[in-house]
Amino acid sequence: MRILVTGAAGFIGFHLARRLLGDGHEVVGMDNLNSYYDVQLKKDRLALLTPHPRFRFHLLDLADRPGMEDLFMTERPEIVVHLAAQAGVRYSLENPHAYVESNLAGFMNILEGCRHNPVRHLVFASSSSVYGANTLMPFSVHHNVDHPISLYAATKKANELMAHTYSALYKLPCTGLRFFTVYGPWGRPDMALFLFTRAILEGRPIDVYNQGRMRRDFTYIDDIIEGVVRVMGKIPSGNPAWSGMKPDPATSFAPYRVFNIGNNRPVELMDFIAALEKHLGKKAEMRLLPMQPGDVPETCADVDDLMAEVGFRPGTSIEEGIGRFVGWYGEYYGKRGK
């Protein structure tokens, strides 16, 4: 199939594009290569994709409405996997307009492109951050998520609402995927594993928020990709049992679904750091700090719906995943001379 992957130079987009090419698909990649983090890392990811004969790349911003219209009209993708976004909870406190432009206006351009062209399925990245002030664990797609505590989370919740609207109005099959703390090789430098690794190797202290009393459902990148690929092939239809009297947030009368993709085994932050110390062979100096605005103390994904629908449950252990990341980090930055 011809598949459009937005954010193809990003962490998840790169891994997905590489998997889809390996599976024999034609991949149209799109990214704006913005400077939110190291652009060279994005270019190096892209350099592994561009030689492939079934990969084409468009340097384009989501918010560029004419450019996005032209992309859909010329490429005519059968499936769209929308992963491009302005990421980061903390950065949304500093630069809120970037989130409105990319995550709201940009997502509207994706929806319009899918509406006016023969797209069979829109799969889009949501986030575990939509659970916001919820404290009932594990987080379930059947729970109400009306209390976000960061602008980033609010934009992701808005994406789910916008997609449902287009699904209801235009019968556009849409599936939202709530990712839980993704990590692994070629990861984002603004994420904890990357920041911790760099600081420990350079002999600098690491910032540990909430005095280290955090639990996260760390999910290895290969598990995320397997979940995305399986969901791509599961085009939603309306749920005949859905009722407006007791509306289920995870399904709809429209061809719309939401799934969690998480490891379903939260890890204490201190255990996460200990595993990293073991693989690096070096102890961390910790600077214990209070909770950051917009952060939550714990995440845990209920993935029963994902298992029921596509027969997959993430399972890579922290030990294995961190080991692979540390191996990649040493090789990549060794070649870059850092």
# chains A, B, ... in the order shown; residues from 1 in each chain; ligands from 1

call {"tool": "select_by_dssp", "arguments": {"residues": "segment 2-110 of chain A", "states": "strand (DSSP E)", "output": "NGL selection string"}}
result
:A and (2-6 or 26-31 or 55-59 or 79-82)

call {"tool": "residues_around", "arguments": {"residues": "Asp23 of chain A", "least_positions_apart": "5", "cutoff": "12 Å", "atoms": "only C-alpha atoms", "output": "JSON, numbers by chain"}}
result
{"A": [1, 2, 3, 16, 17, 18, 54, 226, 229]}

call {"tool": "closest_residue", "arguments": {"among": "A:Asp190, A:Asp38, A:Asp302, A:Asp44", "to": "His143 of chain A", "atoms": "only C-alpha atoms"}}
result
A:Asp302

call {"tool": "select_by_dssp", "arguments": {"residues": "segment 17-69 of chain A", "states": "alpha helix (DSSP H)", "output": "JSON list (two decimals) with N, CA, C and O atoms, in the first residue's frame"}}
result
[["chain", "number", "residue", "atom", "x", "y", "z"],
["A", 17, "ALA", "N", 8.44, 4.04, 9.45],
["A", 17, "ALA", "CA", 8.75, 4.06, 8.02],
["A", 17, "ALA", "C", 9.69, 2.91, 7.65],
["A", 17, "ALA", "O", 9.49, 2.23, 6.64],
["A", 18, "ARG", "N", 10.68, 2.69, 8.48],
["A", 18, "ARG", "CA", 11.64, 1.61, 8.20],
["A", 18, "ARG", "C", 10.95, 0.25, 8.25],
["A", 18, "ARG", "O", 11.22, -0.62, 7.41],
["A", 19, "ARG", "N", 10.06, 0.07, 9.21],
["A", 19, "ARG", "CA", 9.32, -1.20, 9.30],
["A", 19, "ARG", "C", 8.42, -1.39, 8.09],
["A", 19, "ARG", "O", 8.35, -2.48, 7.50],
["A", 20, "LEU", "N", 7.70, -0.34, 7.70],
["A", 20, "LEU", "CA", 6.77, -0.45, 6.57],
["A", 20, "LEU", "C", 7.51, -0.74, 5.27],
["A", 20, "LEU", "O", 7.03, -1.52, 4.43],
["A", 21, "LEU", "N", 8.66, -0.12, 5.07],
["A", 21, "LEU", "CA", 9.46, -0.40, 3.88],
["A", 21, "LEU", "C", 9.92, -1.85, 3.88],
["A", 21, "LEU", "O", 9.89, -2.52, 2.85],
["A", 22, "GLY", "N", 10.32, -2.34, 5.06],
["A", 22, "GLY", "CA", 10.72, -3.74, 5.18],
["A", 22, "GLY", "C", 9.59, -4.70, 4.90],
["A", 22, "GLY", "O", 9.81, -5.82, 4.43],
["A", 39, "VAL", "N", 18.69, 18.77, 15.02],
["A", 39, "VAL", "CA", 18.27, 18.53, 13.64],
["A", 39, "VAL", "C", 19.14, 17.47, 12.97],
["A", 39, "VAL", "O", 18.67, 16.71, 12.12],
["A", 40, "GLN", "N", 20.41, 17.41, 13.37],
["A", 40, "GLN", "CA", 21.30, 16.42, 12.76],
["A", 40, "GLN", "C", 20.82, 15.00, 13.05],
["A", 40, "GLN", "O", 20.93, 14.12, 12.18],
["A", 41, "LEU", "N", 20.29, 14.78, 14.23],
["A", 41, "LEU", "CA", 19.74, 13.46, 14.56],
["A", 41, "LEU", "C", 18.59, 13.12, 13.61],
["A", 41, "LEU", "O", 18.49, 12.00, 13.11],
["A", 42, "LYS", "N", 17.75, 14.10, 13.32],
["A", 42, "LYS", "CA", 16.63, 13.88, 12.39],
["A", 42, "LYS", "C", 17.16, 13.58, 10.98],
["A", 42, "LYS", "O", 16.65, 12.69, 10.29],
["A", 43, "LYS", "N", 18.18, 14.32, 10.57],
["A", 43, "LYS", "CA", 18.75, 14.11, 9.24],
["A", 43, "LYS", "C", 19.41, 12.74, 9.13],
["A", 43, "LYS", "O", 19.36, 12.09, 8.08],
["A", 44, "ASP", "N", 20.04, 12.30, 10.21],
["A", 44, "ASP", "CA", 20.69, 11.00, 10.20],
["A", 44, "ASP", "C", 19.66, 9.87, 10.15],
["A", 44, "ASP", "O", 19.89, 8.83, 9.52],
["A", 45, "ARG", "N", 18.53, 10.05, 10.82],
["A", 45, "ARG", "CA", 17.44, 9.06, 10.69],
["A", 45, "ARG", "C", 16.98, 9.02, 9.24],
["A", 45, "ARG", "O", 16.82, 7.94, 8.64],
["A", 46, "LEU", "N", 16.75, 10.20, 8.69],
["A", 46, "LEU", "CA", 16.24, 10.31, 7.32],
["A", 46, "LEU", "C", 17.21, 9.69, 6.31],
["A", 46, "LEU", "O", 16.79, 9.08, 5.31],
["A", 47, "ALA", "N", 18.50, 9.82, 6.58],
["A", 47, "ALA", "CA", 19.51, 9.29, 5.67],
["A", 47, "ALA", "C", 19.44, 7.77, 5.54],
["A", 47, "ALA", "O", 19.89, 7.20, 4.54],
["A", 48, "LEU", "N", 18.86, 7.11, 6.55],
["A", 48, "LEU", "CA", 18.70, 5.66, 6.46],
["A", 48, "LEU", "C", 17.45, 5.26, 5.67],
["A", 48, "LEU", "O", 17.29, 4.11, 5.28],
["A", 49, "LEU", "N", 16.56, 6.24, 5.44],
["A", 49, "LEU", "CA", 15.33, 5.97, 4.70],
["A", 49, "LEU", "C", 15.41, 6.38, 3.23],
["A", 49, "LEU", "O", 14.88, 5.68, 2.35],
["A", 65, "ARG", "N", -1.08, 25.01, 4.76],
["A", 65, "ARG", "CA", -2.33, 24.47, 4.20],
["A", 65, "ARG", "C", -2.23, 24.17, 2.71],
["A", 65, "ARG", "O", -2.57, 23.06, 2.29],
["A", 66, "PRO", "N", -1.76, 25.11, 1.86],
["A", 66, "PRO", "CA", -1.64, 24.77, 0.43],
["A", 66, "PRO", "C", -0.68, 23.61, 0.19],
["A", 66, "PRO", "O", -0.94, 22.76, -0.67],
["A", 67, "GLY", "N", 0.43, 23.59, 0.94],
["A", 67, "GLY", "CA", 1.39, 22.51, 0.77],
["A", 67, "GLY", "C", 0.81, 21.16, 1.14],
["A", 67, "GLY", "O", 1.05, 20.15, 0.47],
["A", 68, "MET", "N", 0.02, 21.13, 2.20],
["A", 68, "MET", "CA", -0.61, 19.88, 2.63],
["A", 68, "MET", "C", -1.68, 19.43, 1.63],
["A", 68, "MET", "O", -1.80, 18.24, 1.33],
["A", 69, "GLU", "N", -2.43, 20.37, 1.11],
["A", 69, "GLU", "CA", -3.43, 20.03, 0.09],
["A", 69, "GLU", "C", -2.76, 19.42, -1.13],
["A", 69, "GLU", "O", -3.24, 18.42, -1.68]]

call {"tool": "closest_residue", "arguments": {"among": "A:Arg265, A:His164, A:His58, A:Lys246", "to": "Thr219 of chain A", "atoms": "only C-alpha atoms"}}
result
A:Arg265

call {"tool": "decode", "arguments": {"residues": "segment 197-222 of chain A", "atoms": "C-alpha atoms", "output": "PDB file, in the first residue's frame"}}
result
ATOM      1  CA  THR A 197      22.501   8.902  29.691  1.00  0.00           C
ATOM      2  CA  ARG A 198      24.240  12.018  28.438  1.00  0.00           C
ATOM      3  CA  ALA A 199      24.535  13.569  31.906  1.00  0.00           C
ATOM      4  CA  ILE A 200      25.846  10.390  33.570  1.00  0.00           C
ATOM      5  CA  LEU A 201      28.476   9.847  30.867  1.00  0.00           C
ATOM      6  CA  GLU A 202      29.569  13.483  31.147  1.00  0.00           C
ATOM      7  CA  GLY A 203      29.718  13.330  34.929  1.00  0.00           C
ATOM      8  CA  ARG A 204      26.894  15.816  35.462  1.00  0.00           C
ATOM      9  CA  PRO A 205      24.010  15.396  37.921  1.00  0.00           C
ATOM     10  CA  ILE A 206      20.633  14.276  36.598  1.00  0.00           C
ATOM     11  CA  ASP A 207      17.423  16.103  37.471  1.00  0.00           C
ATOM     12  CA  VAL A 208      15.032  13.686  39.193  1.00  0.00           C
ATOM     13  CA  TYR A 209      11.579  15.200  39.638  1.00  0.00           C
ATOM     14  CA  ASN A 210       9.069  14.574  42.429  1.00  0.00           C
ATOM     15  CA  GLN A 211      12.020  13.452  44.588  1.00  0.00           C
ATOM     16  CA  GLY A 212      12.179  10.329  42.427  1.00  0.00           C
ATOM     17  CA  ARG A 213       8.680   9.196  43.417  1.00  0.00           C
ATOM     18  CA  MET A 214       7.527   8.698  39.836  1.00  0.00           C
ATOM     19  CA  ARG A 215       6.249   5.594  38.071  1.00  0.00           C
ATOM     20  CA  ARG A 216       6.087   5.406  34.307  1.00  0.00           C
ATOM     21  CA  ASP A 217       4.771   2.854  31.839  1.00  0.00           C
ATOM     22  CA  PHE A 218       7.954   2.917  29.740  1.00  0.00           C
ATOM     23  CA  THR A 219       7.217   1.353  26.329  1.00  0.00           C
ATOM     24  CA  TYR A 220       9.957   0.146  24.008  1.00  0.00           C
ATOM     25  CA  ILE A 221       9.887   1.502  20.457  1.00  0.00           C
ATOM     26  CA  ASP A 222       9.580  -1.899  18.745  1.00  0.00           C
TER      27      ASP A 222
END
